[in-house]
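Participant: So that you have it, the file is protein-v3.txt, and it contains compact mmCIF, C-alpha atoms:
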# COMPACT_ATOMS: atom_id res chain seq x y z
CA MET W 888 44.26 -21.13 -3.62
CA ALA W 889 42.23 -17.95 -3.88
CA ASP W 890 43.64 -17.39 -7.38
CA LYS W 891 42.72 -20.87 -8.39
CA ASN W 892 39.13 -20.34 -7.26
CA LYS W 893 38.89 -17.12 -9.24
CA LYS W 894 39.73 -18.96 -12.45
CA ARG W 895 36.86 -21.37 -12.10
CA PRO W 896 34.50 -21.04 -15.06
CA LYS W 897 31.37 -19.11 -14.24
CA ASN W 898 28.70 -20.82 -16.20
CA LEU W 899 25.64 -18.68 -15.71
CA ASP W 900 24.83 -18.59 -19.41
CA LEU W 901 21.14 -19.36 -19.36
CA LEU W 902 21.44 -21.20 -22.67
CA HIS W 903 23.91 -23.59 -21.04
CA ILE W 904 22.36 -24.15 -17.64
CA ARG W 905 18.66 -24.43 -17.23
CA LEU W 906 16.63 -24.85 -14.08
CA PRO W 907 14.77 -28.17 -14.30
CA ILE W 908 11.00 -27.82 -14.68
CA GLY W 909 10.48 -28.84 -11.05
CA GLY W 910 12.77 -25.98 -10.03
CA VAL W 911 10.82 -23.52 -12.17
CA VAL W 912 7.53 -24.56 -10.57
CA SER W 913 9.13 -24.40 -7.13
CA ILE W 914 10.57 -20.91 -7.55
CA LEU W 915 7.25 -19.69 -8.96
CA HIS W 916 5.62 -21.11 -5.83
CA ARG W 917 7.75 -18.72 -3.80
CA VAL W 918 7.20 -15.77 -6.12
CA SER W 919 3.43 -16.29 -6.13
CA GLY W 920 3.43 -16.67 -2.35
CA VAL W 921 5.25 -13.38 -1.79
CA LEU W 922 2.99 -11.53 -4.25
CA LEU W 923 -0.14 -12.98 -2.65
CA VAL W 924 1.01 -11.79 0.78
CA LEU W 925 1.54 -8.31 -0.67
CA GLY W 926 -2.02 -8.43 -2.04
CA LEU W 927 -3.60 -9.31 1.32
CA PRO W 928 -4.19 -5.70 2.50
CA LEU W 929 -6.14 -4.91 -0.68
CA ALA W 930 -8.26 -8.05 -0.23
CA PHE W 931 -8.97 -7.13 3.42
CA LEU W 932 -9.92 -3.60 2.34
CA LEU W 933 -12.35 -4.80 -0.34
CA LEU W 934 -13.93 -7.41 1.96
CA GLN W 935 -14.41 -4.87 4.74
CA GLN W 936 -15.86 -2.22 2.47
CA SER W 937 -18.22 -4.65 0.75
CA LEU W 938 -19.86 -5.44 4.10
CA ARG W 939 -20.37 -1.88 5.34
CA SER W 940 -23.45 -0.69 3.47
CA PRO W 941 -25.33 -1.23 0.20
CA GLU W 942 -23.59 1.87 -1.22
CA ASP W 943 -20.13 0.60 -0.24
CA TYR W 944 -21.00 -2.81 -1.68
CA ALA W 945 -22.07 -1.22 -4.98
CA GLN W 946 -18.82 0.73 -5.07
CA VAL W 947 -16.72 -2.42 -4.55
CA VAL W 948 -18.66 -4.19 -7.32
CA ALA W 949 -18.16 -1.21 -9.63
CA ARG W 950 -14.44 -1.05 -8.84
CA LEU W 951 -13.94 -4.76 -9.43
CA SER W 952 -15.79 -4.52 -12.74
CA SER W 953 -13.35 -2.07 -14.34
CA GLN W 954 -10.92 -3.40 -16.92
CA PRO W 955 -7.74 -2.85 -14.83
CA ALA W 956 -9.41 -4.57 -11.86
CA ARG W 957 -10.34 -7.52 -14.07
CA ALA W 958 -6.72 -7.80 -15.18
CA LEU W 959 -5.64 -7.71 -11.53
CA LEU W 960 -8.23 -10.36 -10.67
CA LEU W 961 -6.94 -12.57 -13.48
CA LEU W 962 -3.36 -12.14 -12.22
CA THR W 963 -4.49 -12.97 -8.68
CA THR W 964 -6.27 -16.07 -9.99
CA ILE W 965 -3.10 -17.18 -11.78
CA LEU W 966 -1.02 -16.66 -8.62
CA LEU W 967 -3.56 -18.44 -6.42
CA VAL W 968 -4.02 -21.42 -8.71
CA HIS W 969 -0.29 -21.80 -9.21
CA HIS W 970 0.39 -21.53 -5.48
CA PHE W 971 -2.41 -24.02 -4.77
CA LEU W 972 -1.30 -26.64 -7.32
CA ALA W 973 2.44 -26.28 -6.70
CA GLY W 974 1.76 -26.45 -2.94
CA LEU W 975 -0.28 -29.62 -3.45
CA ARG W 976 2.62 -31.03 -5.45
CA HIS W 977 5.00 -30.26 -2.59
CA LEU W 978 2.66 -31.90 -0.07
CA LEU W 979 2.52 -35.03 -2.24
CA LEU W 980 6.31 -35.00 -2.58
CA ASP W 981 6.46 -34.89 1.23
CA LEU W 982 4.47 -38.13 1.20
CA ASP W 983 6.90 -39.58 -1.38
CA VAL W 984 4.23 -39.43 -4.08
CA GLY W 985 5.82 -38.59 -7.43
CA ILE W 986 9.26 -38.45 -5.88
CA SER W 987 10.99 -40.12 -8.84
CA ARG W 988 12.75 -37.96 -11.41
CA GLY W 989 10.21 -38.71 -14.12
CA GLY W 990 7.27 -38.44 -11.75
CA SER W 991 8.29 -35.06 -10.38
CA ARG W 992 8.76 -33.75 -13.92
CA ILE W 993 5.33 -34.92 -14.94
CA SER W 994 3.70 -33.38 -11.87
CA ALA W 995 5.52 -30.10 -12.51
CA TRP W 996 4.12 -30.00 -16.04
CA LEU W 997 0.68 -30.93 -14.67
CA VAL W 998 0.86 -27.90 -12.37
CA LEU W 999 1.63 -25.61 -15.31
CA ALA W 1000 -1.08 -27.25 -17.41
CA GLY W 1001 -3.58 -26.78 -14.59
CA VAL W 1002 -2.63 -23.12 -14.32
CA ALA W 1003 -3.00 -22.67 -18.09
CA GLY W 1004 -6.41 -24.33 -18.01
CA THR W 1005 -7.75 -22.19 -15.18
CA VAL W 1006 -6.33 -19.06 -16.78
CA MET W 1007 -8.41 -19.77 -19.87
CA ILE W 1008 -11.55 -20.41 -17.82
CA ALA W 1009 -10.99 -17.40 -15.54
CA GLY W 1010 -10.02 -15.19 -18.48
CA GLY W 1011 -13.18 -16.24 -20.29
CA CYS W 1012 -15.31 -15.46 -17.23
CA LEU W 1013 -13.64 -12.10 -16.65
CA PHE W 1014 -13.28 -10.73 -20.16
CA LEU W 1015 -15.92 -12.38 -22.37
CA MET Z 516 30.46 -13.18 16.45
CA ARG Z 517 28.86 -16.11 18.19
CA SER Z 518 27.95 -19.04 15.98
CA MET Z 519 24.20 -19.30 15.71
CA GLY Z 520 23.51 -22.80 14.48
CA PRO Z 521 22.52 -24.25 11.13
CA ARG Z 522 19.66 -21.90 10.25
CA GLY Z 523 21.78 -18.82 10.96
CA SER Z 524 19.19 -17.35 13.30
CA GLY Z 525 16.19 -18.33 15.33
CA SER Z 526 15.82 -20.96 17.98
CA ALA Z 527 17.12 -24.46 17.38
CA HIS Z 528 13.78 -26.17 18.01
CA SER Z 529 11.41 -24.04 15.97
CA GLY Z 530 12.08 -25.85 12.70
CA LEU Z 531 9.75 -28.83 13.04
CA GLY Z 532 6.97 -26.70 14.45
CA GLU Z 533 7.17 -24.32 11.51
CA TRP Z 534 7.28 -27.20 9.04
CA LEU Z 535 4.11 -28.67 10.53
CA LEU Z 536 2.38 -25.28 10.85
CA GLN Z 537 3.05 -24.55 7.18
CA ARG Z 538 1.49 -27.84 6.09
CA LEU Z 539 -1.52 -27.80 8.42
CA SER Z 540 -2.35 -24.22 7.44
CA ALA Z 541 -1.83 -25.19 3.77
CA LEU Z 542 -4.40 -27.98 4.13
CA TYR Z 543 -6.95 -25.64 5.68
CA LEU Z 544 -6.31 -22.92 3.08
CA ALA Z 545 -6.73 -25.46 0.29
CA GLY Z 546 -10.02 -26.75 1.68
CA PHE Z 547 -11.29 -23.25 2.41
CA SER Z 548 -10.42 -22.08 -1.12
CA LEU Z 549 -12.27 -24.97 -2.73
CA TRP Z 550 -15.27 -24.39 -0.47
CA LEU Z 551 -15.32 -20.65 -1.18
CA VAL Z 552 -14.99 -21.04 -4.96
CA ALA Z 553 -17.65 -23.77 -5.05
CA ARG Z 554 -20.03 -21.73 -2.90
CA LEU Z 555 -19.58 -18.57 -4.95
CA ALA Z 556 -19.75 -20.42 -8.26
CA LEU Z 557 -22.86 -22.44 -7.40
CA ALA Z 558 -24.83 -19.84 -5.48
CA ALA Z 559 -23.26 -16.41 -5.69
CA PRO Z 560 -25.01 -13.91 -3.37
CA ALA Z 561 -27.01 -11.73 -5.74
CA ASP Z 562 -26.89 -8.44 -3.86
CA TYR Z 563 -25.71 -6.70 -0.70
CA VAL Z 564 -28.43 -8.21 1.49
CA ALA Z 565 -27.63 -11.77 0.39
CA TRP Z 566 -23.86 -11.16 0.67
CA LYS Z 567 -24.17 -9.65 4.14
CA ALA Z 568 -26.52 -12.42 5.29
CA TRP Z 569 -24.09 -15.08 4.11
CA MET Z 570 -20.99 -13.42 5.57
CA THR Z 571 -22.62 -12.85 8.96
CA GLY Z 572 -23.69 -16.50 9.23
CA GLY Z 573 -22.04 -18.53 11.96
CA VAL Z 574 -20.44 -21.13 9.68
CA THR Z 575 -19.06 -18.50 7.29
CA ARG Z 576 -17.67 -16.38 10.11
CA LEU Z 577 -15.98 -19.37 11.71
CA ALA Z 578 -14.58 -20.47 8.34
CA PHE Z 579 -13.23 -16.96 7.72
CA ALA Z 580 -11.81 -16.71 11.25
CA LEU Z 581 -9.86 -19.93 10.67
CA PHE Z 582 -8.89 -18.65 7.21
CA PHE Z 583 -7.44 -15.42 8.64
CA LEU Z 584 -5.53 -17.37 11.27
CA SER Z 585 -4.20 -19.87 8.72
CA VAL Z 586 -3.26 -17.35 6.07
CA LEU Z 587 -1.35 -15.15 8.53
CA MET Z 588 0.58 -18.10 9.98
CA HIS Z 589 1.22 -19.45 6.49
CA ALA Z 590 2.47 -16.04 5.36
CA TRP Z 591 4.73 -15.77 8.40
CA VAL Z 592 6.44 -19.12 7.87
CA GLY Z 593 6.61 -18.77 4.08
CA MET Z 594 7.96 -15.23 4.01
CA ARG Z 595 10.44 -16.08 6.75
CA SER Z 596 11.87 -19.00 4.78
CA VAL Z 597 12.19 -16.74 1.72
CA PHE Z 598 14.01 -14.16 3.87
CA LEU Z 599 16.30 -16.83 5.33
CA ASP Z 600 17.28 -17.97 1.83
CA TYR Z 601 17.74 -14.67 0.04
CA LEU Z 602 18.52 -11.99 2.62
CA LYS Z 603 22.06 -12.67 3.69
CA PRO Z 604 23.18 -9.72 5.82
CA LEU Z 605 21.76 -10.42 9.26
CA TRP Z 606 20.57 -6.87 9.85
CA VAL Z 607 18.65 -6.82 6.55
CA ARG Z 608 16.99 -10.10 7.50
CA PHE Z 609 16.19 -8.72 10.94
CA VAL Z 610 14.61 -5.55 9.56
CA ALA Z 611 12.60 -7.54 7.01
CA GLN Z 612 11.28 -9.90 9.68
CA LEU Z 613 10.42 -6.98 11.91
CA LEU Z 614 8.44 -5.30 9.12
CA LEU Z 615 6.77 -8.61 8.29
CA ALA Z 616 5.80 -9.24 11.91
CA PHE Z 617 4.41 -5.72 12.22
CA GLY Z 618 2.50 -6.00 8.93
CA LEU Z 619 0.96 -9.37 9.81
CA LEU Z 620 0.04 -8.11 13.27
CA VAL Z 621 -1.80 -5.17 11.70
CA LEU Z 622 -3.60 -7.61 9.38
CA ALA Z 623 -4.51 -9.78 12.39
CA PHE Z 624 -6.16 -6.87 14.21
CA TRP Z 625 -7.81 -5.85 10.96
CA ALA Z 626 -9.20 -9.38 10.51
CA VAL Z 627 -10.60 -9.34 14.05
CA GLN Z 628 -12.23 -6.01 13.30
CA ILE Z 629 -13.84 -7.34 10.10
CA LEU Z 630 -15.17 -10.38 11.98
CA MET Z 631 -16.40 -8.44 15.01
CA VAL Z 632 -17.78 -5.36 13.28
CA GLU Z 633 -18.53 -5.69 9.57
CA ALA Z 634 -19.32 -9.42 9.60
CA ALA Z 635 -21.10 -9.31 12.95
CA GLY Z 636 -24.48 -8.33 11.50
Can you turn what I pasted into structure tokens?
Facilitator:
Amino acid sequence: MADKNKKRPKNLDLLHIRLPIGGVVSILHRVSGVLLVLGLPLAFLLLQQSLRSPEDYAQVVARLSSQPARALLLLTTILLVHHFLAGLRHLLLDLDVGISRGGSRISAWLVLAGVAGTVMIAGGCLFL
Amino acid sequence: MRSMGPRGSGSAHSGLGEWLLQRLSALYLAGFSLWLVARLALAAPADYVAWKAWMTGGVTRLAFALFFLSVLMHAWVGMRSVFLDYLKPLWVRFVAQLLLAFGLLVLAFWAVQILMVEAAG
């Protein structure tokens, strides 16, 4: 029996099996959530420092204006918007909205489209 | 080893509570985010004085207090469900949850400090 199980085909070739789009959006919801939690201490630090004194405030503004900080802000925006929209999608699925196969595919694509749209707006605000 | 029920660890009755907590905190976080973005986009505080004045206002402080509470609870439930799915050895899961609990507790005290000191005027 153990031998028989060992001979089962392992089909992890990513060209053969593909996570459905809803699964992609769902796993990215988790990834973005974990990354956002890891970013919380930095956000707390910046908020606290910005409220201490005019000099501290100016320093936070200067730090956030640098190119690497802008890139980090754009990444944070992407993570937040994705987590927000994918979370909204999950809440609607809880209410049986868009629960059909076609509906859940469409909403998954809408999430990605929404992220792409906000990335362009946020990127324009941050880098242009 | 003693069998520990369907979730592998944790109490048998905490599931529904966590499910509800995750969704209620999600709703608050969503509303708070929209409010914050709209407020900052429509009338961004121009300098330190305006920023400080806004952040020390009663409504803002209350909104941020609820935000801190929601985000820490949301992080706890969300990270825990990730741990439960991907960290299989029980001791690894235990250590991860311990570190998470400690980290979120530090953030909670930190949030109280921000609200009571820096955002207290």
Participant: Could you check the closest approach to chain Z for each of W:Pro907, W:Leu962, W:Ala973, W:Val912 and tell me which residue wins, using all atoms listed in the file?
Facilitator: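 Checking each candidate against chain Z, we get W:Ala973 as the closest.
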Participant: Starting from chain Z, keep only residues with some atom at most 6 Å from an atom of chain W, counting all atoms listed in the file, and report them as a compact mmCIF listing (two decimals) with C-alpha atoms, keeping the file's coordinate frame.
Facilitator:
# COMPACT_ATOMS: atom_id res chain seq x y z
CA TYR Z 563 -25.71 -6.70 -0.70
CA ILE Z 629 -13.84 -7.34 10.10
CA GLU Z 633 -18.53 -5.69 9.57
Participant: May I ask for the distance between CA of His589 (chain Z) and CA of Ala541 (chain Z), given in Å to one decimal place?
Facilitator: 7.0 Å
Participant: I want to know what sits within 12 Å of region 596-603 of chain Z, based on all atoms listed in the file, with residues of the same chain fewer than 5 positions away left out; could you give that as a list in words?
Facilitator: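 Near neighbours after the sequence-gap exclusion: Ile914, His916, Arg917, Val918, Ser919, Gly920 and Val921 of chain W; Pro521, Arg522, Gly523, Ser524, Gly525, Gly530, Glu533, Trp534, Gln537, His589, Ala590, Trp591, Arg608, Phe609, Val610, Ala611, Gln612, Leu613, Leu614 and Leu615 of chain Z.
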Participant: Write out as a PyMOL selection string the residues lying within 6 Å of region 569-576 of chain Z, counting all atoms listed in the file and excluding same-chain residues fewer than 4 positions away.
Facilitator: chain Z and resi 580+634-636
Participant: Take the residues from that selection and write them out as a PDB file, keeping the file's coordinate frame, keeping C-alpha atoms.
Facilitator:
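Output (out.pdb):
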ATOM      1  CA  ALA Z 580     -11.810 -16.710  11.250  1.00  0.00           C
ATOM      2  CA  ALA Z 634     -19.320  -9.420   9.600  1.00  0.00           C
ATOM      3  CA  ALA Z 635     -21.100  -9.310  12.950  1.00  0.00           C
ATOM      4  CA  GLY Z 636     -24.480  -8.330  11.500  1.00  0.00           C
TER       5      GLY Z 636
END
Participant: For a test of reading the model, state the distance in Å between CA of Phe547 (chain Z) and CA of Leu999 (chain W), rounded to one decimal.
Facilitator: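 Rounded to one decimal, the two atoms are 22.1 Å apart.
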Participant: Between W:Val947, W:Leu980, W:Leu922, W:Ile965, single out the one closest to Gly1004 (chain W), counting only C-alpha atoms.
Facilitator: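 Smallest distance to Gly1004 (chain W) is found for W:Ile965.
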Participant: Using all atoms listed in the file, pick whichever of Z:Leu619, Z:Val552, Z:Leu557, Z:Val564 has the shortest atom-to-atom distance to Val586 (chain Z).
Facilitator: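 Smallest distance to Val586 (chain Z) is found for Z:Leu619.
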Participant: For region 899-924 of chain W, supply N, CA and C atoms and format the output as a PDB file, in the frame of the given file.
Facilitator:
ATOM      1  N   LEU W 899      27.005 -19.121 -15.971  1.00  0.00           N
ATOM      2  CA  LEU W 899      25.640 -18.680 -15.710  1.00  0.00           C
ATOM      3  C   LEU W 899      24.928 -18.317 -17.003  1.00  0.00           C
ATOM      4  N   ASP W 900      25.497 -18.776 -18.123  1.00  0.00           N
ATOM      5  CA  ASP W 900      24.830 -18.590 -19.410  1.00  0.00           C
ATOM      6  C   ASP W 900      23.538 -19.390 -19.408  1.00  0.00           C
ATOM      7  N   LEU W 901      22.416 -18.682 -19.513  1.00  0.00           N
ATOM      8  CA  LEU W 901      21.140 -19.360 -19.360  1.00  0.00           C
ATOM      9  C   LEU W 901      20.840 -20.332 -20.503  1.00  0.00           C
ATOM     10  N   LEU W 902      21.636 -20.230 -21.601  1.00  0.00           N
ATOM     11  CA  LEU W 902      21.440 -21.200 -22.670  1.00  0.00           C
ATOM     12  C   LEU W 902      22.177 -22.495 -22.349  1.00  0.00           C
ATOM     13  N   HIS W 903      23.152 -22.398 -21.417  1.00  0.00           N
ATOM     14  CA  HIS W 903      23.910 -23.590 -21.040  1.00  0.00           C
ATOM     15  C   HIS W 903      23.314 -24.294 -19.840  1.00  0.00           C
ATOM     16  N   ILE W 904      22.962 -23.512 -18.806  1.00  0.00           N
ATOM     17  CA  ILE W 904      22.360 -24.150 -17.640  1.00  0.00           C
ATOM     18  C   ILE W 904      20.891 -23.776 -17.631  1.00  0.00           C
ATOM     19  N   ARG W 905      20.082 -24.722 -17.297  1.00  0.00           N
ATOM     20  CA  ARG W 905      18.660 -24.430 -17.230  1.00  0.00           C
ATOM     21  C   ARG W 905      18.093 -25.094 -15.987  1.00  0.00           C
ATOM     22  N   LEU W 906      17.295 -24.310 -15.258  1.00  0.00           N
ATOM     23  CA  LEU W 906      16.630 -24.850 -14.080  1.00  0.00           C
ATOM     24  C   LEU W 906      15.682 -25.953 -14.543  1.00  0.00           C
ATOM     25  N   PRO W 907      15.733 -27.134 -13.920  1.00  0.00           N
ATOM     26  CA  PRO W 907      14.770 -28.170 -14.300  1.00  0.00           C
ATOM     27  C   PRO W 907      13.345 -27.698 -14.034  1.00  0.00           C
ATOM     28  N   ILE W 908      12.391 -28.305 -14.740  1.00  0.00           N
ATOM     29  CA  ILE W 908      11.000 -27.820 -14.680  1.00  0.00           C
ATOM     30  C   ILE W 908      10.465 -27.824 -13.245  1.00  0.00           C
ATOM     31  N   GLY W 909      10.895 -28.821 -12.456  1.00  0.00           N
ATOM     32  CA  GLY W 909      10.480 -28.840 -11.050  1.00  0.00           C
ATOM     33  C   GLY W 909      10.988 -27.611 -10.304  1.00  0.00           C
ATOM     34  N   GLY W 910      12.198 -27.173 -10.657  1.00  0.00           N
ATOM     35  CA  GLY W 910      12.770 -25.980 -10.030  1.00  0.00           C
ATOM     36  C   GLY W 910      12.017 -24.722 -10.425  1.00  0.00           C
ATOM     37  N   VAL W 911      11.595 -24.674 -11.693  1.00  0.00           N
ATOM     38  CA  VAL W 911      10.820 -23.520 -12.170  1.00  0.00           C
ATOM     39  C   VAL W 911       9.509 -23.418 -11.401  1.00  0.00           C
ATOM     40  N   VAL W 912       8.802 -24.547 -11.290  1.00  0.00           N
ATOM     41  CA  VAL W 912       7.530 -24.560 -10.570  1.00  0.00           C
ATOM     42  C   VAL W 912       7.745 -24.182  -9.111  1.00  0.00           C
ATOM     43  N   SER W 913       8.852 -24.662  -8.543  1.00  0.00           N
ATOM     44  CA  SER W 913       9.130 -24.400  -7.130  1.00  0.00           C
ATOM     45  C   SER W 913       9.436 -22.921  -6.871  1.00  0.00           C
ATOM     46  N   ILE W 914      10.227 -22.324  -7.762  1.00  0.00           N
ATOM     47  CA  ILE W 914      10.570 -20.910  -7.550  1.00  0.00           C
ATOM     48  C   ILE W 914       9.339 -20.041  -7.779  1.00  0.00           C
ATOM     49  N   LEU W 915       8.486 -20.437  -8.741  1.00  0.00           N
ATOM     50  CA  LEU W 915       7.250 -19.690  -8.960  1.00  0.00           C
ATOM     51  C   LEU W 915       6.303 -19.819  -7.765  1.00  0.00           C
ATOM     52  N   HIS W 916       6.412 -20.931  -7.047  1.00  0.00           N
ATOM     53  CA  HIS W 916       5.620 -21.110  -5.830  1.00  0.00           C
ATOM     54  C   HIS W 916       5.991 -20.034  -4.813  1.00  0.00           C
ATOM     55  N   ARG W 917       7.289 -19.764  -4.731  1.00  0.00           N
ATOM     56  CA  ARG W 917       7.750 -18.720  -3.800  1.00  0.00           C
ATOM     57  C   ARG W 917       7.334 -17.335  -4.269  1.00  0.00           C
ATOM     58  N   VAL W 918       7.549 -17.086  -5.577  1.00  0.00           N
ATOM     59  CA  VAL W 918       7.200 -15.770  -6.120  1.00  0.00           C
ATOM     60  C   VAL W 918       5.710 -15.502  -5.928  1.00  0.00           C
ATOM     61  N   SER W 919       4.868 -16.496  -6.265  1.00  0.00           N
ATOM     62  CA  SER W 919       3.430 -16.290  -6.130  1.00  0.00           C
ATOM     63  C   SER W 919       3.054 -16.094  -4.659  1.00  0.00           C
ATOM     64  N   GLY W 920       3.715 -16.826  -3.775  1.00  0.00           N
ATOM     65  CA  GLY W 920       3.430 -16.670  -2.350  1.00  0.00           C
ATOM     66  C   GLY W 920       3.718 -15.267  -1.854  1.00  0.00           C
ATOM     67  N   VAL W 921       4.879 -14.735  -2.221  1.00  0.00           N
ATOM     68  CA  VAL W 921       5.250 -13.380  -1.790  1.00  0.00           C
ATOM     69  C   VAL W 921       4.254 -12.359  -2.352  1.00  0.00           C
ATOM     70  N   LEU W 922       3.914 -12.483  -3.639  1.00  0.00           N
ATOM     71  CA  LEU W 922       2.990 -11.530  -4.250  1.00  0.00           C
ATOM     72  C   LEU W 922       1.609 -11.612  -3.614  1.00  0.00           C
ATOM     73  N   LEU W 923       1.179 -12.828  -3.276  1.00  0.00           N
ATOM     74  CA  LEU W 923      -0.140 -12.980  -2.650  1.00  0.00           C
ATOM     75  C   LEU W 923      -0.161 -12.326  -1.269  1.00  0.00           C
ATOM     76  N   VAL W 924       0.934 -12.449  -0.521  1.00  0.00           N
ATOM     77  CA  VAL W 924       1.010 -11.790   0.780  1.00  0.00           C
ATOM     78  C   VAL W 924       0.904 -10.277   0.609  1.00  0.00           C
TER      79      VAL W 924
END
